[in-house]
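**Q** File start-v3.pdb follows (PDB, C-alpha atoms):
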ATOM      1  CA  MET A   1      28.010 -22.246  -7.721
ATOM      2  CA  ALA A   2      25.413 -20.075  -9.403
ATOM      3  CA  TYR A   3      25.560 -19.433 -13.125
ATOM      4  CA  VAL A   4      23.528 -17.448 -15.600
ATOM      5  CA  LYS A   5      23.459 -18.839 -19.113
ATOM      6  CA  LEU A   6      24.638 -16.139 -21.510
ATOM      7  CA  LEU A   7      25.141 -18.009 -24.785
ATOM      8  CA  PRO A   8      24.023 -21.626 -24.438
ATOM      9  CA  GLU A   9      24.871 -22.380 -28.071
ATOM     10  CA  PHE A  10      28.517 -21.484 -27.380
ATOM     11  CA  GLY A  11      28.539 -22.915 -23.860
ATOM     12  CA  LEU A  12      29.190 -19.607 -22.070
ATOM     13  CA  ALA A  13      27.801 -18.741 -18.652
ATOM     14  CA  TYR A  14      28.290 -15.919 -16.163
ATOM     15  CA  ASN A  15      29.604 -17.010 -12.784
ATOM     16  CA  ILE A  16      27.791 -14.803 -10.273
ATOM     17  CA  GLU A  17      30.107 -15.525  -7.369
ATOM     18  CA  ALA A  18      33.316 -14.892  -9.332
ATOM     19  CA  GLY A  19      31.896 -12.191 -11.598
ATOM     20  CA  LYS A  20      33.389 -13.750 -14.726
ATOM     21  CA  VAL A  21      32.193 -15.212 -18.007
ATOM     22  CA  GLU A  22      33.332 -18.836 -18.077
ATOM     23  CA  PRO A  23      32.649 -21.990 -20.026
ATOM     24  CA  GLU A  24      29.416 -23.502 -18.833
ATOM     25  CA  ALA A  25      29.826 -26.261 -16.259
ATOM     26  CA  PRO A  26      27.862 -29.437 -16.912
ATOM     27  CA  ALA A  27      25.827 -29.057 -13.704
ATOM     28  CA  ALA A  28      25.232 -25.311 -14.027
ATOM     29  CA  GLY A  29      21.557 -25.545 -14.945
ATOM     30  CA  GLY A  30      21.065 -21.768 -15.375
ATOM     31  CA  VAL A  31      20.414 -21.056 -11.698
ATOM     32  CA  VAL A  32      20.353 -17.422 -10.697
ATOM     33  CA  LYS A  33      21.113 -16.286  -7.167
ATOM     34  CA  TYR A  34      20.230 -12.693  -6.439
ATOM     35  CA  ASN A  35      19.873 -10.723  -3.251
ATOM     36  CA  PHE A  36      16.612  -8.765  -3.243
ATOM     37  CA  LYS A  37      17.304  -6.968   0.042
ATOM     38  CA  PRO A  38      18.442  -3.640  -1.557
ATOM     39  CA  ILE A  39      15.486  -3.700  -3.917
ATOM     40  CA  ASN A  40      13.055  -4.413  -1.087
ATOM     41  CA  GLU A  41      14.542  -1.552   0.940
ATOM     42  CA  SER A  42      14.052   0.806  -2.012
ATOM     43  CA  ILE A  43      10.491  -0.407  -2.493
ATOM     44  CA  ASP A  44       9.766   0.119   1.216
ATOM     45  CA  LYS A  45      11.146   3.660   0.964
ATOM     46  CA  LEU A  46       8.985   4.379  -2.090
ATOM     47  CA  ASP A  47       6.011   2.888  -0.276
ATOM     48  CA  LYS A  48       6.539   5.318   2.619
ATOM     49  CA  TYR A  49       6.652   8.256   0.192
ATOM     50  CA  ALA A  50       3.519   7.000  -1.607
ATOM     51  CA  ASP A  51       1.693   6.767   1.722
ATOM     52  CA  ASP A  52       2.921  10.261   2.582
ATOM     53  CA  LEU A  53       1.612  11.553  -0.744
ATOM     54  CA  MET A  54      -1.794   9.993  -0.077
ATOM     55  CA  ASN A  55      -1.810  11.446   3.454
ATOM     56  CA  SER A  56      -1.109  14.907   2.031
ATOM     57  CA  LEU A  57      -4.666  14.950   0.690
ATOM     58  CA  ALA A  58      -5.823  15.336   4.301
ATOM     59  CA  PRO A  59      -4.105  18.471   5.649
ATOM     60  CA  THR A  60      -4.132  17.428   9.307
ATOM     61  CA  GLY A  61      -1.562  14.617   9.250
ATOM     62  CA  ALA A  62       2.123  14.538  10.049
ATOM     63  CA  PHE A  63       4.384  14.177   7.026
ATOM     64  CA  LEU A  64       7.742  12.414   6.639
ATOM     65  CA  GLU A  65       9.901  15.433   5.842
ATOM     66  CA  THR A  66       8.431  17.952   8.303
ATOM     67  CA  PHE A  67       9.634  19.004  11.710
ATOM     68  CA  PRO A  68       7.801  17.658  14.775
ATOM     69  CA  GLY A  69       4.818  19.677  15.985
ATOM     70  CA  ARG A  70       3.772  20.916  12.535
ATOM     71  CA  ASP A  71       0.810  18.618  12.130
ATOM     72  CA  LYS A  72      -1.713  21.288  11.120
ATOM     73  CA  SER A  73       0.594  23.711   9.323
ATOM     74  CA  ILE A  74      -0.868  22.889   5.891
ATOM     75  CA  TYR A  75      -4.375  23.347   7.289
ATOM     76  CA  TYR A  76      -3.614  26.847   8.575
ATOM     77  CA  ALA A  77      -1.661  27.765   5.449
ATOM     78  CA  SER A  78      -4.610  26.771   3.284
ATOM     79  CA  ILE A  79      -6.944  28.961   5.330
ATOM     80  CA  TRP A  80      -4.684  32.008   4.891
ATOM     81  CA  THR A  81      -4.200  31.259   1.196
ATOM     82  CA  ASN A  82      -7.963  31.086   0.655
ATOM     83  CA  ILE A  83      -8.464  34.350   2.544
ATOM     84  CA  PHE A  84      -5.789  36.052   0.422
ATOM     85  CA  TYR A  85      -7.181  34.814  -2.894
ATOM     86  CA  GLY A  86     -10.705  35.646  -1.720
ATOM     87  CA  PHE A  87      -9.709  39.261  -1.157
ATOM     88  CA  ILE A  88      -7.976  39.418  -4.548
ATOM     89  CA  VAL A  89     -10.916  37.944  -6.470
ATOM     90  CA  GLY A  90     -13.418  39.991  -4.462
ATOM     91  CA  GLY A  91     -11.451  43.194  -5.125
ATOM     92  CA  ILE A  92     -11.300  42.493  -8.859
ATOM     93  CA  ALA A  93     -15.032  41.691  -8.942
ATOM     94  CA  ALA A  94     -15.864  44.886  -7.021
ATOM     95  CA  PHE A  95     -13.651  46.912  -9.391
ATOM     96  CA  VAL A  96     -15.397  45.449 -12.442
ATOM     97  CA  VAL A  97     -18.848  46.166 -10.969
ATOM     98  CA  VAL A  98     -17.878  49.773 -10.146
ATOM     99  CA  MET A  99     -16.458  50.304 -13.642
ATOM    100  CA  LEU A 100     -19.598  48.876 -15.241
ATOM    101  CA  LEU A 101     -21.791  51.096 -13.034
ATOM    102  CA  GLU A 102     -19.751  54.181 -13.978
ATOM    103  CA  ALA A 103     -19.983  53.291 -17.661
ATOM    104  CA  GLY A 104     -23.746  52.899 -17.395
ATOM    105  CA  VAL A 105     -23.746  49.310 -18.597
ATOM    106  CA  ILE A 106     -25.479  48.036 -15.474
TER     107      ILE A 106
END
Can you turn what I pasted into structure tokens?
**A**
Amino acid sequence: MAYVKLLPEFGLAYNIEAGKVEPEAPAAGGVVKYNFKPINESIDKLDKYADDLMNSLAPTGAFLETFPGRDKSIYYASIWTNIFYGFIVGGIAAFVVVMLLEAGVI
């Protein structure tokens, strides 16, 4: 049987197999039995998401939560986003230059 010592000064231990607090058996020894399989599965899942996050820095890879065949979708989206913001910033810069020319500052 596996026990966890709760209060050694009072002789109480937790019986892992029965799920009860019982008087400590003389041969208990404070041994802990624990199944790490659910924790390892969670760590493996987090490891996959961490790898996916690192792969997102390169926009050409396939990601965990995307549909098949969308390997370069982030690459093309970034191109269109840069074109859009380029036109916006360029339009604002051209507007400022025209206003400064009309005001005679430049």
**Q** Show which residues sit within 8 Å of Lys5 in chain A, as a PDB file with C-alpha atoms, in the frame of the given file. Count all atoms listed in the file, and ignore same-chain residues fewer than 5 positions away.
**A**
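The file below, result_15.pdb, is the result:
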ATOM      1  CA  LEU A  12      29.190 -19.607 -22.070  1.00  0.00           C
ATOM      2  CA  ALA A  13      27.801 -18.741 -18.652  1.00  0.00           C
ATOM      3  CA  TYR A  14      28.290 -15.919 -16.163  1.00  0.00           C
ATOM      4  CA  GLU A  24      29.416 -23.502 -18.833  1.00  0.00           C
ATOM      5  CA  GLY A  30      21.065 -21.768 -15.375  1.00  0.00           C
TER       6      GLY A  30
END
**Q** Have a look at A:Phe87, A:Ile39, A:Pro68, A:Ile74 and name the one nearest to Asn55 in chain A; count all atoms listed in the file.
**A** A:Ile74
**Q** Just to confirm, what's the straight-line distance from CA of Thr60 in chain A to CA of Glu41 in chain A in Å (one decimal)?
**A**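 The value is 27.9 Å.
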**Q** Between CA of Ala2 in chain A and CA of Asn35 in chain A, what distance in Å does the model show, to one decimal?
**A**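 Computing the Euclidean distance for CA of Ala2 in chain A and CA of Asn35 in chain A yields 12.5 Å.
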**Q** Applied to this file, what does the PyMOL selection byres ((chain A and resi 23) around 12) return in terms of residues, put as a PyMOL selection string?
**A** chain A and resi 3-15+20-22+24-28
